[in-house]
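Shown next: protein_5.txt, given as compact mmCIF, C-alpha atoms and all ligand atoms.
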# COMPACT_ATOMS: atom_id res chain seq x y z
CA MET F 29 8.27 7.57 -27.04
CA ASN F 30 4.54 7.18 -26.97
CA ARG F 31 1.61 7.72 -24.73
CA ILE F 32 1.59 4.90 -22.15
CA SER F 33 -1.11 4.09 -19.61
CA VAL F 34 -1.00 1.72 -16.68
CA SER F 35 -3.08 0.62 -13.73
CA SER F 36 -1.32 -0.26 -10.49
CA PRO F 37 -2.93 -1.48 -7.27
CA SER F 38 -2.74 -0.54 -3.65
CA ASN F 39 -1.78 -3.19 -1.13
CA ILE F 40 -2.59 -3.92 2.49
CA ALA F 41 0.34 -4.71 4.77
CA LEU F 42 -0.02 -7.86 6.87
CA ILE F 43 3.40 -7.24 8.45
CA LYS F 44 3.91 -3.48 8.46
CA TYR F 45 6.89 -1.51 7.33
CA TRP F 46 7.26 1.01 10.18
CA GLY F 47 10.50 2.88 10.67
CA MET F 48 13.41 3.27 8.27
CA ARG F 49 17.14 3.01 8.55
CA ASP F 50 17.92 5.24 5.55
CA GLU F 51 15.52 8.00 4.65
CA GLN F 52 17.30 9.04 1.45
CA LEU F 53 17.27 5.52 0.02
CA THR F 54 14.00 4.45 1.71
CA LEU F 55 15.49 1.39 3.36
CA PRO F 56 13.27 -0.19 6.01
CA ASN F 57 14.18 -1.34 9.51
CA ASN F 58 12.14 -4.49 9.02
CA VAL F 59 10.86 -6.85 6.35
CA SER F 60 7.17 -6.36 5.49
CA LEU F 61 4.53 -8.55 3.86
CA SER F 62 1.43 -7.49 2.00
CA MET F 63 -1.53 -8.59 -0.03
CA THR F 64 -1.93 -6.74 -3.32
CA LEU F 65 -5.48 -5.49 -3.93
CA SER F 66 -7.43 -5.54 -7.16
CA GLN F 67 -10.07 -2.76 -7.03
CA CYS F 68 -8.15 0.04 -5.26
CA VAL F 69 -5.95 1.18 -8.12
CA SER F 70 -4.19 4.24 -9.48
CA LEU F 71 -4.26 4.94 -13.20
CA CYS F 72 -1.42 6.85 -14.83
CA THR F 73 -1.02 8.10 -18.39
CA MET F 74 2.39 9.46 -19.39
CA ALA F 75 3.48 11.07 -22.67
CA PRO F 76 6.43 13.23 -23.76
CA LEU F 77 5.67 16.96 -24.01
CA HIS F 78 6.92 18.52 -27.20
CA HIS F 79 6.95 22.09 -25.89
CA GLY F 80 8.13 23.91 -22.77
CA SER F 81 10.60 22.68 -20.18
CA ASN F 82 8.35 21.80 -17.25
CA ASP F 83 6.38 18.65 -16.62
CA GLU F 84 2.64 19.02 -16.77
CA ILE F 85 1.05 17.07 -13.91
CA LEU F 86 -2.69 16.54 -13.95
CA TRP F 87 -5.28 14.86 -11.79
CA LYS F 88 -8.41 13.28 -13.21
CA THR F 89 -11.33 14.00 -10.88
CA SER F 90 -14.08 11.47 -10.22
CA GLU F 91 -16.28 13.62 -12.53
CA GLY F 92 -13.77 13.04 -15.34
CA ALA F 93 -12.23 16.55 -15.46
CA LEU F 94 -8.46 16.92 -15.92
CA VAL F 95 -7.22 19.56 -13.47
CA PRO F 96 -3.75 20.59 -12.26
CA ALA F 97 -2.59 18.25 -9.49
CA SER F 98 -2.68 19.62 -5.93
CA PRO F 99 0.62 21.13 -4.70
CA SER F 100 1.36 18.15 -2.43
CA MET F 101 0.68 15.61 -5.17
CA ARG F 102 2.77 17.63 -7.61
CA PHE F 103 5.59 17.77 -5.10
CA GLY F 104 5.56 13.97 -4.61
CA ILE F 105 5.44 13.23 -8.34
CA GLU F 106 8.17 15.78 -9.17
CA HIS F 107 10.40 14.30 -6.49
CA HIS F 108 9.87 10.78 -7.81
CA LEU F 109 10.47 11.90 -11.42
CA GLY F 110 13.69 13.58 -10.29
CA GLN F 111 14.88 10.27 -8.86
CA LEU F 112 13.77 8.29 -11.93
CA ARG F 113 15.51 10.71 -14.26
CA GLN F 114 18.82 10.07 -12.53
CA HIS F 115 18.61 6.60 -14.08
CA ILE F 116 17.98 7.80 -17.63
CA ASP F 117 19.65 10.76 -19.32
CA HIS F 118 18.03 13.30 -21.60
CA TRP F 119 14.44 12.90 -20.59
CA PRO F 120 12.04 15.35 -22.20
CA PRO F 121 9.43 17.04 -20.06
CA LEU F 122 6.38 14.84 -19.55
CA ARG F 123 2.63 15.19 -19.46
CA ILE F 124 1.30 12.98 -16.71
CA ALA F 125 -2.25 12.40 -15.56
CA THR F 126 -3.27 10.21 -12.64
CA SER F 127 -6.45 9.17 -10.90
CA ASN F 128 -7.41 6.91 -8.03
CA SER F 129 -10.39 4.59 -7.70
CA PHE F 130 -10.46 5.17 -3.91
CA PRO F 131 -9.89 7.96 -1.32
CA THR F 132 -6.43 9.55 -1.63
CA GLY F 133 -4.10 9.97 1.36
CA ALA F 134 -6.51 8.37 3.82
CA GLY F 135 -4.38 5.40 4.80
CA ILE F 136 -5.46 3.09 1.96
CA ALA F 137 -1.96 3.20 0.45
CA SER F 138 -2.67 5.61 -2.40
CA SER F 139 1.06 6.35 -2.40
CA ALA F 140 1.79 2.65 -3.04
CA SER F 141 -0.52 2.49 -6.03
CA GLY F 142 0.27 5.99 -7.32
CA PHE F 143 4.05 5.70 -7.23
CA SER F 144 4.15 2.14 -8.54
CA ALA F 145 1.95 3.30 -11.43
CA LEU F 146 4.33 6.20 -12.12
CA ALA F 147 7.35 3.86 -11.95
CA MET F 148 5.75 1.38 -14.32
CA ALA F 149 4.69 4.01 -16.86
CA PHE F 150 8.20 5.46 -16.76
CA ALA F 151 9.75 2.01 -17.14
CA LEU F 152 7.56 1.21 -20.14
CA GLN F 153 8.53 4.51 -21.74
CA CYS F 154 12.24 3.94 -21.46
CA ASP F 155 13.00 0.25 -21.03
CA GLN F 156 10.61 -2.43 -22.20
CA GLN F 157 12.67 -5.04 -20.32
CA CYS F 158 11.96 -3.42 -16.95
CA ARG F 159 9.31 -5.51 -15.16
CA GLY F 160 8.67 -6.91 -11.66
CA ALA F 161 11.82 -6.44 -9.58
CA CYS F 162 13.02 -3.54 -11.74
CA ILE F 163 9.68 -1.71 -11.32
CA SER F 164 9.77 -2.44 -7.59
CA GLU F 165 13.16 -0.71 -7.30
CA LEU F 166 11.98 2.27 -9.35
CA ALA F 167 8.82 2.54 -7.23
CA ARG F 168 10.86 2.65 -4.00
CA LEU F 169 12.74 5.71 -5.30
CA SER F 170 9.53 7.66 -4.66
CA GLY F 171 10.21 7.44 -0.91
CA SER F 172 7.20 5.17 -0.37
CA GLY F 173 8.43 1.73 0.64
CA SER F 174 5.01 0.14 0.26
CA ALA F 175 5.09 1.19 -3.43
CA ALA F 176 7.91 -1.34 -3.91
CA ARG F 177 5.44 -4.12 -3.01
CA SER F 178 2.74 -2.94 -5.43
CA ALA F 179 4.94 -3.92 -8.38
CA PHE F 180 3.71 -7.49 -7.85
CA GLY F 181 0.36 -9.21 -7.49
CA GLY F 182 -0.66 -11.74 -4.85
CA PHE F 183 1.29 -11.99 -1.60
CA VAL F 184 4.48 -9.98 -1.52
CA GLN F 185 7.51 -9.54 0.72
CA TRP F 186 9.78 -6.47 0.78
CA PRO F 187 12.74 -6.70 0.72
CA GLY F 188 12.41 -10.03 -1.05
CA ASP F 189 15.63 -11.24 0.53
CA ALA F 190 14.90 -11.08 4.27
CA ARG F 191 18.62 -11.11 5.18
CA GLN F 192 19.13 -7.72 3.54
CA SER F 193 17.41 -4.40 3.98
CA THR F 194 17.98 -3.43 0.36
CA GLY F 195 16.64 -4.93 -2.83
CA PRO F 196 13.30 -5.25 -4.54
CA ALA F 197 10.10 -6.85 -3.33
CA HIS F 198 9.30 -10.42 -4.26
CA GLN F 199 6.04 -12.30 -4.83
CA PHE F 200 5.97 -15.42 -2.65
CA ALA F 201 2.47 -16.58 -3.61
CA PRO F 202 0.28 -15.53 -6.56
CA ALA F 203 -3.24 -14.15 -6.09
CA HIS F 204 -4.96 -17.40 -7.10
CA HIS F 205 -3.10 -19.25 -4.32
CA TRP F 206 -5.65 -17.95 -1.76
CA PRO F 207 -8.46 -15.65 -2.95
CA LEU F 208 -8.86 -13.63 0.25
CA HIS F 209 -11.27 -10.71 0.37
CA ASP F 210 -10.72 -7.28 1.90
CA LEU F 211 -13.82 -5.32 2.94
CA ILE F 212 -12.49 -1.84 3.61
CA ALA F 213 -14.47 0.15 6.16
CA VAL F 214 -13.81 3.80 5.38
CA VAL F 215 -14.17 5.53 8.73
CA ASP F 216 -12.73 8.83 7.56
CA ALA F 217 -11.94 9.62 3.92
CA SER F 218 -10.13 12.88 4.66
CA HIS F 219 -6.40 13.33 4.19
CA LYS F 220 -4.48 11.97 7.18
CA LYS F 221 -2.92 14.58 9.46
CA VAL F 222 0.40 12.79 10.02
CA SER F 223 2.01 11.22 6.95
CA SER F 224 3.46 7.72 7.11
CA ARG F 225 6.84 9.29 6.32
CA GLN F 226 6.58 11.28 9.53
CA GLY F 227 5.43 8.13 11.36
CA HIS F 228 8.51 6.23 10.12
CA ARG F 229 10.75 9.02 11.43
CA LEU F 230 9.13 8.89 14.87
CA ALA F 231 8.98 5.10 15.24
CA ALA F 232 12.36 4.73 16.95
CA SER F 233 11.34 7.24 19.63
CA SER F 234 8.88 4.71 21.06
CA PRO F 235 10.44 2.87 24.02
CA PHE F 236 8.78 -0.30 22.67
CA TYR F 237 10.33 -0.14 19.20
CA PRO F 238 13.39 -2.37 19.95
CA THR F 239 11.02 -5.05 21.31
CA ARG F 240 8.94 -4.82 18.14
CA LEU F 241 12.01 -5.36 15.97
CA GLU F 242 12.95 -8.39 18.07
CA LEU F 243 9.50 -9.97 17.75
CA LEU F 244 9.07 -9.38 14.03
CA PRO F 245 11.17 -12.16 12.43
CA GLU F 246 9.09 -14.85 14.14
CA ARG F 247 5.81 -13.14 13.22
CA LEU F 248 6.96 -12.74 9.64
CA ASP F 249 7.60 -16.44 9.50
CA THR F 250 4.18 -17.20 11.02
CA VAL F 251 2.37 -15.01 8.49
CA ARG F 252 4.31 -16.42 5.53
CA LYS F 253 3.58 -19.98 6.61
CA ALA F 254 -0.09 -19.18 7.31
CA ILE F 255 -0.43 -17.86 3.76
CA LEU F 256 1.45 -20.73 2.16
CA ASN F 257 -0.67 -23.27 4.15
CA ARG F 258 -3.89 -21.26 3.77
CA ASP F 259 -4.25 -21.38 7.56
CA PHE F 260 -6.71 -18.58 8.36
CA ASP F 261 -6.65 -18.96 12.15
CA ALA F 262 -2.86 -18.56 12.29
CA LEU F 263 -3.03 -15.62 9.87
CA ALA F 264 -5.78 -13.84 11.81
CA ASP F 265 -4.02 -14.02 15.14
CA ALA F 266 -0.69 -12.74 13.80
CA VAL F 267 -2.19 -10.04 11.55
CA GLU F 268 -4.27 -8.48 14.33
CA ARG F 269 -1.38 -8.56 16.79
CA GLU F 270 0.76 -6.86 14.18
CA ALA F 271 -1.76 -4.12 13.43
CA VAL F 272 -2.26 -3.29 17.10
CA GLU F 273 1.48 -3.31 17.70
CA MET F 274 2.31 -0.96 14.84
CA HIS F 275 -0.31 1.48 16.11
CA MET F 276 0.95 1.05 19.67
CA ILE F 277 4.39 2.14 18.44
CA ALA F 278 2.80 5.17 16.77
CA MET F 279 0.81 6.03 19.89
CA THR F 280 3.89 5.79 22.12
CA SER F 281 6.22 7.74 19.82
CA GLN F 282 7.38 11.20 20.89
CA PRO F 283 5.26 13.09 19.93
CA PRO F 284 2.55 10.42 19.80
CA VAL F 285 0.55 9.75 16.65
CA PHE F 286 -3.06 8.55 16.95
CA TYR F 287 -4.43 7.28 13.66
CA TRP F 288 -7.39 5.43 15.19
CA GLN F 289 -10.84 6.86 15.69
CA PRO F 290 -13.53 5.43 18.00
CA THR F 291 -15.11 3.49 15.09
CA THR F 292 -11.75 1.85 14.35
CA LEU F 293 -11.80 0.25 17.80
CA THR F 294 -15.49 -0.70 17.63
CA LEU F 295 -14.86 -2.48 14.33
CA LEU F 296 -11.81 -4.30 15.70
CA GLU F 297 -13.88 -5.56 18.64
CA ARG F 298 -16.78 -6.67 16.42
CA VAL F 299 -14.43 -8.53 14.07
CA ARG F 300 -12.91 -10.40 17.03
CA GLN F 301 -16.41 -11.28 18.20
CA LEU F 302 -17.32 -12.64 14.75
CA ARG F 303 -14.18 -14.74 14.73
CA GLY F 304 -15.20 -16.10 18.13
CA GLU F 305 -18.51 -17.11 16.51
CA GLY F 306 -16.59 -19.17 13.93
CA LEU F 307 -16.22 -16.77 10.97
CA GLN F 308 -12.89 -16.59 9.14
CA VAL F 309 -12.31 -12.88 9.53
CA CYS F 310 -9.64 -10.57 10.92
CA ALA F 311 -8.82 -6.86 10.77
CA THR F 312 -5.85 -4.63 10.12
CA MET F 313 -5.19 -0.91 9.67
CA ASP F 314 -2.41 0.96 7.89
CA ALA F 315 -1.48 4.52 8.84
CA GLY F 316 -5.06 5.74 9.13
CA PRO F 317 -8.35 5.00 10.90
CA ASN F 318 -9.83 2.85 8.12
CA VAL F 319 -10.21 -0.85 8.82
CA HIS F 320 -9.34 -3.59 6.34
CA VAL F 321 -11.57 -6.54 7.18
CA LEU F 322 -9.92 -9.62 5.69
CA CYS F 323 -11.96 -12.76 5.20
CA THR F 324 -12.23 -15.92 3.15
CA ALA F 325 -14.47 -16.01 0.07
CA GLN F 326 -16.62 -18.60 1.85
CA HIS F 327 -17.46 -16.27 4.79
CA ARG F 328 -17.52 -12.94 2.98
CA SER F 329 -21.32 -12.53 2.75
CA ARG F 330 -21.89 -13.43 6.38
CA VAL F 331 -19.11 -11.09 7.50
CA PHE F 332 -20.53 -8.18 5.52
CA ALA F 333 -24.10 -8.89 6.68
CA ALA F 334 -22.85 -8.63 10.26
CA LEU F 335 -20.90 -5.40 9.70
CA ARG F 336 -22.84 -3.41 7.11
CA THR F 337 -24.95 -1.45 9.57
CA MET F 338 -22.08 -0.55 11.91
CA PRO F 339 -22.42 3.15 12.76
CA GLY F 340 -19.47 5.39 11.88
CA VAL F 341 -18.55 3.70 8.60
CA VAL F 342 -18.95 6.30 5.84
CA ARG F 343 -18.36 3.89 2.96
CA TRP F 344 -17.45 0.28 2.24
CA ILE F 345 -14.99 -0.66 -0.51
CA PHE F 346 -15.10 -4.28 -1.67
CA ASP F 347 -11.74 -5.59 -2.66
CA GLN F 348 -9.78 -8.79 -2.86
CA VAL F 349 -6.32 -10.04 -3.62
CA GLY F 350 -5.28 -9.06 -7.16
CA ASP F 351 -2.78 -9.76 -9.90
CA GLY F 352 -0.70 -6.58 -9.81
CA PRO F 353 -0.02 -3.76 -12.26
CA ARG F 354 -0.85 -3.92 -15.96
CA GLN F 355 -0.64 -1.81 -19.08
CA LEU F 356 -3.90 -0.29 -20.32
CA GLU F 357 -5.22 0.37 -23.82
CA HIS F 358 -7.30 3.37 -22.76
CA HIS F 359 -5.75 6.66 -21.68
CA LEU F 360 -6.57 9.50 -19.26
CA PHE F 361 -5.87 12.11 -21.99
O1 LIG J 401 5.17 3.24 2.12
P1 LIG J 401 4.88 4.28 3.11
O2 LIG J 401 6.04 5.19 3.38
O3 LIG J 401 3.63 5.05 2.77
O4 LIG J 401 4.60 3.55 4.51
C1 LIG J 401 3.67 2.52 4.67
C2 LIG J 401 3.27 2.41 6.09
C3 LIG J 401 2.15 1.42 6.38
O5 LIG J 401 1.15 1.51 5.41
C4 LIG J 401 1.55 1.77 7.73
C5 LIG J 401 2.67 0.00 6.48
C6 LIG J 401 2.99 -0.70 5.20
O6 LIG J 401 3.89 -1.54 5.22
O7 LIG J 401 2.31 -0.47 4.18
Final structure tokens representation of the file:
Amino acid sequence: MNRISVSSPSNIALIKYWGMRDEQLTLPNNVSLSMTLSQCVSLCTMAPLHHGSNDEILWKTSEGALVPASPSMRFGIEHHLGQLRQHIDHWPPLRIATSNSFPTGAGIASSASGFSALAMAFALQCDQQCRGACISELARLSGSGSAARSAFGGFVQWPGDARQSTGPAHQFAPAHHWPLHDLIAVVDASHKKVSSRQGHRLAASSPFYPTRLELLPERLDTVRKAILNRDFDALADAVEREAVEMHMIAMTSQPPVFYWQPTTLTLLERVRQLRGEGLQVCATMDAGPNVHVLCTAQHRSRVFAALRTMPGVVRWIFDQVGDGPRQLEHHLF
């Protein structure tokens, strides 16, 4: 076993996974669709430790220092490693270092990129044949369903077989099919107060949740077709409805969860206005206040020119659809 390094991306859900039917196995109540990103990535270096019996889990800060991972990050990684080790016997303790190119735990799916990176590094260590679907299944063992989608680039559905709630994710269109951009308005980079795991648990307590589950198959079909036909108008309408609906479920859960902040709503309104003026742009939010502004390459500059001075945005991240995880030649340690 050698030192292995990988980069794995975050993704933005176009149809959201919200609510699960089996918490132990991380099985969703509904099929979700996402666009894999290219710039928001987690890096992970993994190597066997030749001394001691505990894993060493490190975090690489933006200044380049390797420090012990925070207790919550350590807990998540240890849990995932425990699940992964059930698949392979006699694993030595590991030295693992990770870093993110974007704010962690702020609703930009750092768990998707982080756990898919961990799954891929682990897979490369123990089974060179494990790619795509196999990595997707290993990533899901982390407890983060969205991580199962980050095993692929482009446009991804999870579970890949919509008739089942188990099984890996599946790429239904590659990144080059439609080079959409994602301008991420960071409204608040701090750690979110209510985890998506907690949100999934509460989803079914919303009186509107059964209606959501009824409406989703048709919307899933609409979004899939919009992507396959590169039909931005159809995509925009369905994606914004979906984002508002997922948050409506969160806000009407018992107890309610409010991820939005005032700037989230202002941005949503402005994006709708720009679409009314003829720009190909729409917005969506995962479990946080930050707004993913999706647009075509053709309208990207005009969209950003119209939004760049919006008050309340602390930072913009420029991203676009990407090709998925890859092995790296350089290492974090
Ligand atoms: O994968 P989790 O457990 O972090 O949940 C993801 C929840 C959303 O980001 C809100 C939706 C999604 O499908 O990514």
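Each of F:Ile212, F:Ala197, F:Met274, F:Leu109 was checked against Ala176 (chain F) using only C-alpha atoms; the smallest atom-to-atom distance is that of F:Ala197.
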Which residues come within 10 Å of Met279 (chain F), counting all atoms listed in the file, excluding same-chain residues fewer than 5 positions away, as a PyMOL selection string?
-> chain F and resi 227+231+234+273-274+284-288
Ile40 (chain F): which residues within 12 Å, counting all atoms listed in the file, same-chain residues fewer than 4 positions away excluded, as a PyMOL selection string?
-> chain F and resi 44-45+60-66+68+135-141+174-175+177-178+181-185+208-212+267+271+311-316+318-322+347-350
Expressed in Å to a single decimal, how great is the separation between CA of Thr292 (chain F) and atom O2 of ligand LIG 401 (chain J)?
->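 Interatomic distance here is 21.2 Å.
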Could you name the residues that touch Pro187 (chain F) at 6 Å or less, counting all atoms listed in the file, but leaving out those on the same chain fewer than 3 positions away, as a list in words?
-> Val59, Gly195, Pro196 and Ala197 of chain F
By how many Å are CA of Arg336 (chain F) and CA of Val309 (chain F) apart?
->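 Going from CA of Arg336 (chain F) over to CA of Val309 (chain F) covers 14.4 Å.
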Selected residue of minimal separation from ligand LIG 401 (chain J) among F:Glu51, F:Glu357, F:Glu305, F:Glu268, counting only C-alpha atoms and all ligand atoms =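 Between F:Glu51, F:Glu357, F:Glu305, F:Glu268, the residue approaching ligand LIG 401 (chain J) most closely is F:Glu51.
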Which one of F:Met74, F:Val95, F:Ala190, F:Val299 sits closest to Pro56 (chain F) if you count only C-alpha atoms?
-> F:Ala190
Find the axis-aligned box for ligand LIG 401 (chain J), covering all its listed atoms and adding 3 Å on each side, and write its centre and edge lengths in Å to one decimal as JSON.
{"center_x": 3.6, "center_y": 1.8, "center_z": 4.9, "size_x": 10.9, "size_y": 12.7, "size_z": 11.6}
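Between ligand LIG 401 (chain J) and the residues F:Gly173, F:Gly110, F:Pro120, F:Pro202, the shortest atom-to-atom distance, using all atoms listed in the file, involves F:Gly173.
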For Ser35 (chain F), which of F:Cys72, F:Leu293, F:Val341, F:Met48 is the closest residue, counting all atoms listed in the file?
->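 With all atoms listed in the file as the atom set, the closest residue is F:Cys72.
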Please return, as a VMD selection string, all polymer residues that have at least one atom within 12 Å of the point (11.1, -10.8, 10.7); use all atoms listed in the file and the file's own coordinate frame.
-> chain F and resid 43 to 45 56 to 61 185 to 193 240 to 252 270
Residue rebuild result region 198-218 of chain F, N, CA, C and O atoms as a short mmCIF file (atom, residue, chain, number, x, y, z; two decimals), in the coordinates of the input:
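Written out: part_26.cif:
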data_model
loop_
_atom_site.label_atom_id
_atom_site.label_comp_id
_atom_site.auth_asym_id
_atom_site.auth_seq_id
_atom_site.Cartn_x
_atom_site.Cartn_y
_atom_site.Cartn_z
N HIS F 198 9.33 -9.10 -3.62
CA HIS F 198 9.30 -10.42 -4.26
C HIS F 198 7.93 -11.04 -3.99
O HIS F 198 7.43 -10.99 -2.86
N GLN F 199 7.34 -11.62 -5.02
CA GLN F 199 6.04 -12.30 -4.83
C GLN F 199 6.31 -13.71 -4.29
O GLN F 199 7.04 -14.47 -4.93
N PHE F 200 5.73 -14.05 -3.13
CA PHE F 200 5.97 -15.42 -2.65
C PHE F 200 4.76 -16.31 -2.84
O PHE F 200 4.87 -17.53 -2.65
N ALA F 201 3.62 -15.75 -3.21
CA ALA F 201 2.47 -16.58 -3.61
C ALA F 201 1.60 -15.74 -4.53
O ALA F 201 1.35 -14.56 -4.25
N PRO F 202 1.12 -16.32 -5.64
CA PRO F 202 0.28 -15.53 -6.56
C PRO F 202 -1.14 -15.36 -5.99
O PRO F 202 -1.52 -16.06 -5.04
N ALA F 203 -1.89 -14.46 -6.60
CA ALA F 203 -3.24 -14.15 -6.09
C ALA F 203 -4.12 -15.39 -6.04
O ALA F 203 -4.88 -15.60 -5.08
N HIS F 204 -4.04 -16.25 -7.07
CA HIS F 204 -4.96 -17.40 -7.10
C HIS F 204 -4.63 -18.45 -6.04
O HIS F 204 -5.41 -19.35 -5.79
N HIS F 205 -3.48 -18.30 -5.38
CA HIS F 205 -3.10 -19.25 -4.32
C HIS F 205 -4.16 -19.25 -3.21
O HIS F 205 -4.50 -20.31 -2.65
N TRP F 206 -4.68 -18.05 -2.87
CA TRP F 206 -5.65 -17.95 -1.76
C TRP F 206 -6.49 -16.69 -2.00
O TRP F 206 -6.06 -15.59 -1.65
N PRO F 207 -7.67 -16.84 -2.58
CA PRO F 207 -8.46 -15.65 -2.95
C PRO F 207 -9.12 -14.96 -1.76
O PRO F 207 -10.35 -14.98 -1.61
N LEU F 208 -8.31 -14.34 -0.92
CA LEU F 208 -8.86 -13.63 0.25
C LEU F 208 -9.56 -12.34 -0.17
O LEU F 208 -9.17 -11.71 -1.15
N HIS F 209 -10.54 -11.96 0.62
CA HIS F 209 -11.27 -10.71 0.37
C HIS F 209 -10.87 -9.66 1.40
O HIS F 209 -10.46 -9.99 2.51
N ASP F 210 -11.02 -8.40 1.00
CA ASP F 210 -10.72 -7.28 1.90
C ASP F 210 -11.91 -6.31 1.81
O ASP F 210 -12.12 -5.66 0.79
N LEU F 211 -12.70 -6.28 2.88
CA LEU F 211 -13.82 -5.32 2.94
C LEU F 211 -13.27 -4.11 3.69
O LEU F 211 -12.95 -4.20 4.87
N ILE F 212 -13.14 -3.01 2.98
CA ILE F 212 -12.49 -1.84 3.61
C ILE F 212 -13.55 -0.91 4.17
O ILE F 212 -14.38 -0.36 3.43
N ALA F 213 -13.53 -0.76 5.50
CA ALA F 213 -14.47 0.15 6.16
C ALA F 213 -13.82 1.52 6.20
O ALA F 213 -12.85 1.75 6.93
N VAL F 214 -14.34 2.43 5.38
CA VAL F 214 -13.81 3.80 5.38
C VAL F 214 -14.48 4.55 6.54
O VAL F 214 -15.68 4.79 6.52
N VAL F 215 -13.67 4.86 7.52
CA VAL F 215 -14.17 5.53 8.73
C VAL F 215 -14.02 7.04 8.56
O VAL F 215 -14.80 7.83 9.05
N ASP F 216 -12.98 7.41 7.83
CA ASP F 216 -12.73 8.83 7.56
C ASP F 216 -11.97 8.90 6.24
O ASP F 216 -10.89 8.34 6.12
N ALA F 217 -12.57 9.57 5.25
CA ALA F 217 -11.94 9.62 3.92
C ALA F 217 -11.06 10.85 3.76
O ALA F 217 -10.51 11.08 2.69
N SER F 218 -10.93 11.66 4.83
CA SER F 218 -10.13 12.88 4.66
C SER F 218 -8.64 12.57 4.72
O SER F 218 -8.22 11.50 5.19
#
